[in-house]
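Novice: Below is one structure. I have some questions about it.
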Amino acid sequence: GIPEGAALGLQEGVARYLRWDDERAKERILSGGVWSGKKRLLDPSVPVAGALLTVYHDGKKRALHTPLDPEWILYRDDSLLVVYKPPGWAVHPTPIDKGSLLTALREAFPEESLLPGNRIDLEAHGLVFFPRSRKGAELFNLLIRGRKIEKVYLALTPHMANPPGRFRFTDSLEGQEAETWGRYLGETAQGSLFEVKIGTGRFHQIRKHFALNLSPLLGERKYGGGAPSGGELGLLCYRYRWAYPGSAEFRDVSYLPPELEEWKTLLRMKDEG
């Protein structure tokens with residue numbers, strides 16, 4: 001990972017993660033072969049810590065991630081690691097795209113035997129579990145099968161005139177029962193904010209239930225076409241709470257990125273009120 005307070009430049013990031021020398025990395029940047037989203041990056045010195053980059057080389061497109069921010073490592077015990085995933089990062093590598101949060105973690109902690117845990121949507125952001133061993137994976141799967149992990153999300157829609165104070169959706173999805181419930185927190189500069197919990201874990205459950213019952217999420221492109229939000233989906237998995245089998249002690253891990261201070265304020269006001 002990057003030392004605290006350090007800045008990683010684009011040239012250094014491309015060179016490090018493609019194992020190129022500095023001159024080759026600089027040449028590829030200046031020739032227009034490095035992109036962040038829809039923006040071409042032409043300044044080799046621009047800071048890119050935490051960015052998702054796409055590099056075109058040898059006629060092929062390759063996505064890579066710059067190193068982890070140490071603050072994204074939120075919880076660690078003998079069995080599990082909990083890490084924040086930014087929007088645009090894949091959780092696990094695929095045969096087509098090897099860049100992922102798991103790949104970056106393995107590069108940052110080569111001494112670890114990290115294994116895939118749960119997934120969250122590519123466009124969303126939030127907390128992800130990574131078992132630290134085979135035994136940890138077995139324990140994690142036990143927690144998942146028993147629905148012993150409480151997951152709490154924040155969902156953002158375009159501004160709503162009359163948002164419900166509380167809600168519960170039970171529409172079946174793909175022929176399976178699904179339950180989503182939560183509460184309205186307030187208005188942000190971007191839209192209406194809701195705290196959401198789920199009783200089941202169906203594919204895109206929150207996104208589908210919101211599109212069916214309230215409004216597509218901000219930035220939603222698949223279910224109903226919500227207002228754009230710079231390519232980022234208005235969905236954050238911000239809190240996990242669980243207890244291991246045989247233990248009465250609950251672990252409680254939560255995280256909101258620094259730029260979401262307005263969301264933190266609304267959460268605090270609702271809890272205090």
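The way I read the labels, and the way they are meant: chains A, B, ... in the order of the structure tokens, residue 1 as the first residue of every chain, and ligand 1 as the first ligand shown, with later ones counted on from there.
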So which residues touch segment 111-126 of chain A within 8 Å, counting only C-alpha atoms, skipping near sequence neighbours fewer than 3 positions away, as a ChimeraX atom specification?
Specialist: /A:84-92,102,105-106,129-134,137,140,204,231-238,255
Novice: Identify, with DSSP run on backbone atoms, the residues in segment 41-255 of chain A assigned to strand (DSSP E or B), and express the list as an NGL selection string.
Specialist: :A and (47 or 52-57 or 60-65 or 73-76 or 80-85 or 125-131 or 150-157 or 166-169 or 173 or 176 or 180-187 or 192-198 or 235-243 or 250-254)
Novice: Which is closest to Leu260 of chain A among A:Ala108, A:Thr188, A:Val152, A:Glu272, if we use only C-alpha atoms?
Specialist: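 Selected residue with least distance to Leu260 of chain A: A:Thr188.
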Novice: Need the shell around segment 159-161 of chain A: protein/DNA/RNA residues with any atom at most 8 Å away, counting only C-alpha atoms. Skip same-chain ones fewer than 4 positions apart. Format as a PDB file with N, CA, C and O atoms, in the first residue's frame?
Specialist:
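And here is the file that came out, out_4.pdb:
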```pdb
ATOM      1  N   GLU A 187     -32.545  14.769   3.092  1.00  0.00           N
ATOM      2  CA  GLU A 187     -32.110  15.225   1.766  1.00  0.00           C
ATOM      3  C   GLU A 187     -30.645  15.638   1.791  1.00  0.00           C
ATOM      4  O   GLU A 187     -30.191  16.320   2.712  1.00  0.00           O
ATOM      5  N   GLN A 190     -27.356  15.925  -3.385  1.00  0.00           N
ATOM      6  CA  GLN A 190     -27.545  15.131  -4.599  1.00  0.00           C
ATOM      7  C   GLN A 190     -28.923  14.491  -4.694  1.00  0.00           C
ATOM      8  O   GLN A 190     -29.401  14.200  -5.789  1.00  0.00           O
ATOM      9  N   GLY A 191     -29.558  14.192  -3.537  1.00  0.00           N
ATOM     10  CA  GLY A 191     -30.833  13.494  -3.608  1.00  0.00           C
ATOM     11  C   GLY A 191     -31.337  13.073  -2.242  1.00  0.00           C
ATOM     12  O   GLY A 191     -30.870  13.563  -1.203  1.00  0.00           O
ATOM     13  N   SER A 192     -32.289  12.126  -2.242  1.00  0.00           N
ATOM     14  CA  SER A 192     -32.906  11.618  -1.010  1.00  0.00           C
ATOM     15  C   SER A 192     -32.132  10.402  -0.520  1.00  0.00           C
ATOM     16  O   SER A 192     -31.852   9.480  -1.292  1.00  0.00           O
TER      17      SER A 192
END
```
Novice: Check segment 91-214 of chain A with DSSP on the backbone and list each residue it calls helix (DSSP H, G or I), as an MDAnalysis selection string.
Specialist: chainID A and resid 101:108 134:145 205:213
Novice: Okay, now the selection with N, CA and C atoms, as a PDB file, in the first residue's frame?
Specialist:
```pdb
ATOM      1  N   LEU A 101      -9.983  -5.760  -6.239  1.00  0.00           N
ATOM      2  CA  LEU A 101      -9.625  -5.461  -4.858  1.00  0.00           C
ATOM      3  C   LEU A 101      -8.832  -6.615  -4.262  1.00  0.00           C
ATOM      4  N   LEU A 102      -9.242  -7.847  -4.546  1.00  0.00           N
ATOM      5  CA  LEU A 102      -8.514  -9.006  -4.030  1.00  0.00           C
ATOM      6  C   LEU A 102      -7.086  -9.038  -4.568  1.00  0.00           C
ATOM      7  N   THR A 103      -6.909  -8.726  -5.838  1.00  0.00           N
ATOM      8  CA  THR A 103      -5.568  -8.682  -6.433  1.00  0.00           C
ATOM      9  C   THR A 103      -4.708  -7.633  -5.734  1.00  0.00           C
ATOM     10  N   ALA A 104      -5.280  -6.442  -5.522  1.00  0.00           N
ATOM     11  CA  ALA A 104      -4.526  -5.369  -4.866  1.00  0.00           C
ATOM     12  C   ALA A 104      -4.176  -5.747  -3.427  1.00  0.00           C
ATOM     13  N   LEU A 105      -5.094  -6.422  -2.728  1.00  0.00           N
ATOM     14  CA  LEU A 105      -4.822  -6.860  -1.355  1.00  0.00           C
ATOM     15  C   LEU A 105      -3.694  -7.891  -1.323  1.00  0.00           C
ATOM     16  N   ARG A 106      -3.715  -8.814  -2.253  1.00  0.00           N
ATOM     17  CA  ARG A 106      -2.660  -9.836  -2.293  1.00  0.00           C
ATOM     18  C   ARG A 106      -1.306  -9.222  -2.610  1.00  0.00           C
ATOM     19  N   GLU A 107      -1.311  -8.164  -3.423  1.00  0.00           N
ATOM     20  CA  GLU A 107      -0.047  -7.475  -3.714  1.00  0.00           C
ATOM     21  C   GLU A 107       0.427  -6.686  -2.499  1.00  0.00           C
ATOM     22  N   ALA A 108      -0.507  -6.096  -1.760  1.00  0.00           N
ATOM     23  CA  ALA A 108      -0.138  -5.308  -0.588  1.00  0.00           C
ATOM     24  C   ALA A 108       0.268  -6.180   0.592  1.00  0.00           C
ATOM     25  N   ARG A 134      -8.363 -21.040   4.829  1.00  0.00           N
ATOM     26  CA  ARG A 134      -9.436 -21.990   4.526  1.00  0.00           C
ATOM     27  C   ARG A 134     -10.394 -22.098   5.712  1.00  0.00           C
ATOM     28  N   LYS A 135      -9.833 -22.131   6.902  1.00  0.00           N
ATOM     29  CA  LYS A 135     -10.662 -22.197   8.095  1.00  0.00           C
ATOM     30  C   LYS A 135     -11.530 -20.944   8.210  1.00  0.00           C
ATOM     31  N   GLY A 136     -10.938 -19.795   7.890  1.00  0.00           N
ATOM     32  CA  GLY A 136     -11.696 -18.553   7.910  1.00  0.00           C
ATOM     33  C   GLY A 136     -12.823 -18.562   6.888  1.00  0.00           C
ATOM     34  N   ALA A 137     -12.561 -19.155   5.710  1.00  0.00           N
ATOM     35  CA  ALA A 137     -13.590 -19.246   4.676  1.00  0.00           C
ATOM     36  C   ALA A 137     -14.753 -20.125   5.133  1.00  0.00           C
ATOM     37  N   GLU A 138     -14.432 -21.228   5.807  1.00  0.00           N
ATOM     38  CA  GLU A 138     -15.481 -22.106   6.327  1.00  0.00           C
ATOM     39  C   GLU A 138     -16.338 -21.372   7.359  1.00  0.00           C
ATOM     40  N   LEU A 139     -15.684 -20.602   8.219  1.00  0.00           N
ATOM     41  CA  LEU A 139     -16.409 -19.844   9.231  1.00  0.00           C
ATOM     42  C   LEU A 139     -17.278 -18.774   8.586  1.00  0.00           C
ATOM     43  N   PHE A 140     -16.745 -18.095   7.588  1.00  0.00           N
ATOM     44  CA  PHE A 140     -17.506 -17.061   6.882  1.00  0.00           C
ATOM     45  C   PHE A 140     -18.732 -17.665   6.190  1.00  0.00           C
ATOM     46  N   ASN A 141     -18.552 -18.800   5.525  1.00  0.00           N
ATOM     47  CA  ASN A 141     -19.670 -19.451   4.852  1.00  0.00           C
ATOM     48  C   ASN A 141     -20.742 -19.879   5.850  1.00  0.00           C
ATOM     49  N   LEU A 142     -20.315 -20.281   7.045  1.00  0.00           N
ATOM     50  CA  LEU A 142     -21.262 -20.637   8.100  1.00  0.00           C
ATOM     51  C   LEU A 142     -22.094 -19.420   8.510  1.00  0.00           C
ATOM     52  N   LEU A 143     -21.446 -18.283   8.634  1.00  0.00           N
ATOM     53  CA  LEU A 143     -22.151 -17.044   8.978  1.00  0.00           C
ATOM     54  C   LEU A 143     -23.137 -16.652   7.874  1.00  0.00           C
ATOM     55  N   ILE A 144     -22.717 -16.800   6.621  1.00  0.00           N
ATOM     56  CA  ILE A 144     -23.575 -16.429   5.490  1.00  0.00           C
ATOM     57  C   ILE A 144     -24.783 -17.355   5.405  1.00  0.00           C
ATOM     58  N   ARG A 145     -24.546 -18.658   5.488  1.00  0.00           N
ATOM     59  CA  ARG A 145     -25.657 -19.610   5.378  1.00  0.00           C
ATOM     60  C   ARG A 145     -26.676 -19.432   6.506  1.00  0.00           C
ATOM     61  N   GLN A 205     -30.778  -6.951  -5.289  1.00  0.00           N
ATOM     62  CA  GLN A 205     -32.055  -6.859  -4.580  1.00  0.00           C
ATOM     63  C   GLN A 205     -32.465  -5.427  -4.269  1.00  0.00           C
ATOM     64  N   ILE A 206     -31.583  -4.646  -3.667  1.00  0.00           N
ATOM     65  CA  ILE A 206     -31.931  -3.273  -3.305  1.00  0.00           C
ATOM     66  C   ILE A 206     -32.223  -2.446  -4.552  1.00  0.00           C
ATOM     67  N   ARG A 207     -31.410  -2.595  -5.556  1.00  0.00           N
ATOM     68  CA  ARG A 207     -31.595  -1.836  -6.796  1.00  0.00           C
ATOM     69  C   ARG A 207     -32.952  -2.147  -7.429  1.00  0.00           C
ATOM     70  N   LYS A 208     -33.303  -3.426  -7.466  1.00  0.00           N
ATOM     71  CA  LYS A 208     -34.576  -3.825  -8.073  1.00  0.00           C
ATOM     72  C   LYS A 208     -35.766  -3.369  -7.238  1.00  0.00           C
ATOM     73  N   HIS A 209     -35.691  -3.562  -5.918  1.00  0.00           N
ATOM     74  CA  HIS A 209     -36.807  -3.177  -5.066  1.00  0.00           C
ATOM     75  C   HIS A 209     -37.047  -1.667  -5.088  1.00  0.00           C
ATOM     76  N   PHE A 210     -35.976  -0.877  -5.107  1.00  0.00           N
ATOM     77  CA  PHE A 210     -36.153   0.575  -5.170  1.00  0.00           C
ATOM     78  C   PHE A 210     -36.778   0.975  -6.512  1.00  0.00           C
ATOM     79  N   ALA A 211     -36.310   0.378  -7.596  1.00  0.00           N
ATOM     80  CA  ALA A 211     -36.856   0.713  -8.918  1.00  0.00           C
ATOM     81  C   ALA A 211     -38.323   0.317  -9.030  1.00  0.00           C
ATOM     82  N   LEU A 212     -38.706  -0.778  -8.397  1.00  0.00           N
ATOM     83  CA  LEU A 212     -40.091  -1.250  -8.454  1.00  0.00           C
ATOM     84  C   LEU A 212     -41.027  -0.432  -7.579  1.00  0.00           C
ATOM     85  N   ASN A 213     -40.526   0.051  -6.442  1.00  0.00           N
ATOM     86  CA  ASN A 213     -41.412   0.616  -5.420  1.00  0.00           C
ATOM     87  C   ASN A 213     -41.250   2.102  -5.133  1.00  0.00           C
TER      88      ASN A 213
END
```
Novice: Just the number, please: distance in Å from atom CA of Arg183 of chain A to atom CA of Ala155 of chain A, one decimal.
Specialist: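 According to the coordinates, atom CA of Arg183 of chain A and atom CA of Ala155 of chain A are separated by 10.2 Å.
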Novice: Determine the nearest neighbour of Pro245 of chain A from the options A:Gly201, A:Ile149, A:Leu74, A:Pro110, counting only C-alpha atoms.
Specialist: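 The answer is A:Ile149, which sits nearest to Pro245 of chain A.
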Novice: In terms of the shortest atom-to-atom distance over only C-alpha atoms, which of A:Pro216, A:Leu173, A:Gly186, A:Tyr153 is closest to Phe203 of chain A?
Specialist: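 Selected residue with least distance to Phe203 of chain A: A:Leu173.
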Novice: What lies within 12 Å of Arg40 of chain A using only C-alpha atoms, ignoring chain neighbours under 3 positions off, as a list of chain:residue names?
Specialist: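 So the residues in contact are A:Leu10, A:Arg28, A:Ile29, A:Leu30, A:Ser31, A:Gly32, A:Gly33, A:Val34, A:Trp35, A:Ser36, A:Gly37, A:Asp43, A:Pro44, A:Val46, A:Leu53, A:Thr54, A:Val55, A:Tyr56.
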Novice: Using N, CA and C atoms, can you write the selected residues to a file as an mmCIF file, in the first residue's frame?
Specialist:
```cif
data_model
loop_
_atom_site.group_PDB
_atom_site.id
_atom_site.type_symbol
_atom_site.label_atom_id
_atom_site.label_comp_id
_atom_site.auth_asym_id
_atom_site.auth_seq_id
_atom_site.Cartn_x
_atom_site.Cartn_y
_atom_site.Cartn_z
ATOM 1 N N LEU A 10 0.669 9.215 -11.704
ATOM 2 C CA LEU A 10 0.179 8.331 -12.752
ATOM 3 C C LEU A 10 1.310 7.490 -13.357
ATOM 4 N N ARG A 28 3.503 5.823 -22.885
ATOM 5 C CA ARG A 28 2.126 5.384 -23.079
ATOM 6 C C ARG A 28 1.131 6.455 -22.605
ATOM 7 N N ILE A 29 1.456 7.157 -21.519
ATOM 8 C CA ILE A 29 0.592 8.234 -21.024
ATOM 9 C C ILE A 29 0.535 9.376 -22.027
ATOM 10 N N LEU A 30 1.689 9.827 -22.513
ATOM 11 C CA LEU A 30 1.748 10.966 -23.426
ATOM 12 C C LEU A 30 1.130 10.651 -24.778
ATOM 13 N N SER A 31 1.059 9.364 -25.135
ATOM 14 C CA SER A 31 0.450 8.974 -26.404
ATOM 15 C C SER A 31 -1.065 8.808 -26.286
ATOM 16 N N GLY A 32 -1.595 9.058 -25.078
ATOM 17 C CA GLY A 32 -3.043 9.001 -24.890
ATOM 18 C C GLY A 32 -3.588 7.622 -24.593
ATOM 19 N N GLY A 33 -2.751 6.706 -24.118
ATOM 20 C CA GLY A 33 -3.184 5.336 -23.906
ATOM 21 C C GLY A 33 -3.657 5.010 -22.503
ATOM 22 N N VAL A 34 -3.802 6.035 -21.633
ATOM 23 C CA VAL A 34 -4.226 5.773 -20.255
ATOM 24 C C VAL A 34 -5.481 6.605 -19.959
ATOM 25 N N TRP A 35 -6.506 5.925 -19.447
ATOM 26 C CA TRP A 35 -7.789 6.568 -19.206
ATOM 27 C C TRP A 35 -8.252 6.305 -17.777
ATOM 28 N N SER A 36 -9.037 7.237 -17.226
ATOM 29 C CA SER A 36 -9.760 7.041 -15.978
ATOM 30 C C SER A 36 -11.223 7.311 -16.288
ATOM 31 N N GLY A 37 -12.040 6.240 -16.355
ATOM 32 C CA GLY A 37 -13.405 6.399 -16.822
ATOM 33 C C GLY A 37 -13.403 6.865 -18.262
ATOM 34 N N ASP A 43 -1.126 13.779 -18.042
ATOM 35 C CA ASP A 43 -0.107 14.327 -17.145
ATOM 36 C C ASP A 43 0.516 13.189 -16.337
ATOM 37 N N PRO A 44 1.781 12.826 -16.588
ATOM 38 C CA PRO A 44 2.401 11.704 -15.874
ATOM 39 C C PRO A 44 2.479 11.904 -14.367
ATOM 40 N N VAL A 46 0.083 13.444 -12.415
ATOM 41 C CA VAL A 46 -1.195 13.646 -11.745
ATOM 42 C C VAL A 46 -1.391 12.566 -10.668
ATOM 43 N N LEU A 53 -7.850 2.710 -13.399
ATOM 44 C CA LEU A 53 -7.261 3.134 -14.666
ATOM 45 C C LEU A 53 -7.480 2.074 -15.733
ATOM 46 N N THR A 54 -7.596 2.520 -16.981
ATOM 47 C CA THR A 54 -7.618 1.612 -18.128
ATOM 48 C C THR A 54 -6.439 1.965 -19.012
ATOM 49 N N VAL A 55 -5.599 0.963 -19.300
ATOM 50 C CA VAL A 55 -4.392 1.183 -20.092
ATOM 51 C C VAL A 55 -4.504 0.384 -21.385
ATOM 52 N N TYR A 56 -4.327 1.075 -22.507
ATOM 53 C CA TYR A 56 -4.337 0.405 -23.797
ATOM 54 C C TYR A 56 -2.884 0.146 -24.212
#
```
Novice: At a cut-off of 7 Å, using only C-alpha atoms, what residues contact Gly9 of chain A? Leave out same-chain residues fewer than 3 positions from it and give the result as a list in words.
Specialist: Glu12, Gly13, Pro44, Ser45, Val46, Pro47 and Val48 of chain A
Novice: Now that the selection is made, can you save its residues with all heavy atoms as a PDB file, in the first residue's frame?
Specialist:
```
ATOM      1  N   GLU A  12       4.199   6.586 -12.096  1.00  0.00           N
ATOM      2  CA  GLU A  12       4.679   5.584 -11.142  1.00  0.00           C
ATOM      3  C   GLU A  12       3.686   4.438 -11.005  1.00  0.00           C
ATOM      4  O   GLU A  12       4.062   3.268 -10.933  1.00  0.00           O
ATOM      5  CB  GLU A  12       4.910   6.232  -9.782  1.00  0.00           C
ATOM      6  CG  GLU A  12       5.464   5.257  -8.731  1.00  0.00           C
ATOM      7  CD  GLU A  12       5.583   5.900  -7.369  1.00  0.00           C
ATOM      8  OE1 GLU A  12       5.359   7.114  -7.254  1.00  0.00           O
ATOM      9  OE2 GLU A  12       5.891   5.161  -6.402  1.00  0.00           O
ATOM     10  N   GLY A  13       2.380   4.782 -10.975  1.00  0.00           N
ATOM     11  CA  GLY A  13       1.360   3.756 -10.838  1.00  0.00           C
ATOM     12  C   GLY A  13       1.335   2.806 -12.021  1.00  0.00           C
ATOM     13  O   GLY A  13       1.274   1.583 -11.862  1.00  0.00           O
ATOM     14  N   PRO A  44       1.781  12.826 -16.588  1.00  0.00           N
ATOM     15  CA  PRO A  44       2.401  11.704 -15.874  1.00  0.00           C
ATOM     16  C   PRO A  44       2.479  11.904 -14.367  1.00  0.00           C
ATOM     17  O   PRO A  44       2.599  10.936 -13.623  1.00  0.00           O
ATOM     18  CB  PRO A  44       3.814  11.638 -16.476  1.00  0.00           C
ATOM     19  CG  PRO A  44       3.703  12.305 -17.808  1.00  0.00           C
ATOM     20  CD  PRO A  44       2.678  13.388 -17.612  1.00  0.00           C
ATOM     21  N   SER A  45       2.387  13.169 -13.900  1.00  0.00           N
ATOM     22  CA  SER A  45       2.548  13.432 -12.475  1.00  0.00           C
ATOM     23  C   SER A  45       1.234  13.546 -11.720  1.00  0.00           C
ATOM     24  O   SER A  45       1.227  13.706 -10.500  1.00  0.00           O
ATOM     25  CB  SER A  45       3.350  14.726 -12.273  1.00  0.00           C
ATOM     26  OG  SER A  45       2.628  15.844 -12.781  1.00  0.00           O
ATOM     27  N   VAL A  46       0.083  13.444 -12.415  1.00  0.00           N
ATOM     28  CA  VAL A  46      -1.195  13.646 -11.745  1.00  0.00           C
ATOM     29  C   VAL A  46      -1.391  12.566 -10.668  1.00  0.00           C
ATOM     30  O   VAL A  46      -1.097  11.394 -10.893  1.00  0.00           O
ATOM     31  CB  VAL A  46      -2.353  13.611 -12.766  1.00  0.00           C
ATOM     32  CG1 VAL A  46      -2.503  12.238 -13.402  1.00  0.00           C
ATOM     33  CG2 VAL A  46      -3.662  14.025 -12.109  1.00  0.00           C
ATOM     34  N   PRO A  47      -1.838  12.931  -9.455  1.00  0.00           N
ATOM     35  CA  PRO A  47      -2.042  11.929  -8.394  1.00  0.00           C
ATOM     36  C   PRO A  47      -3.175  10.976  -8.767  1.00  0.00           C
ATOM     37  O   PRO A  47      -4.220  11.401  -9.243  1.00  0.00           O
ATOM     38  CB  PRO A  47      -2.410  12.762  -7.169  1.00  0.00           C
ATOM     39  CG  PRO A  47      -1.984  14.165  -7.493  1.00  0.00           C
ATOM     40  CD  PRO A  47      -2.098  14.300  -8.974  1.00  0.00           C
ATOM     41  N   VAL A  48      -2.976   9.675  -8.534  1.00  0.00           N
ATOM     42  CA  VAL A  48      -3.995   8.695  -8.911  1.00  0.00           C
ATOM     43  C   VAL A  48      -4.236   7.654  -7.830  1.00  0.00           C
ATOM     44  O   VAL A  48      -4.766   6.590  -8.097  1.00  0.00           O
ATOM     45  CB  VAL A  48      -3.626   7.981 -10.230  1.00  0.00           C
ATOM     46  CG1 VAL A  48      -3.719   8.915 -11.406  1.00  0.00           C
ATOM     47  CG2 VAL A  48      -2.243   7.349 -10.132  1.00  0.00           C
TER      48      VAL A  48
END
```
Novice: Using only C-alpha atoms, pick whichever of A:Tyr244, A:Tyr75, A:Trp181, A:Trp263 has the shortest atom-to-atom distance to Phe167 of chain A.
Specialist: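 The shortest atom-to-atom distance to Phe167 of chain A comes from A:Trp181.
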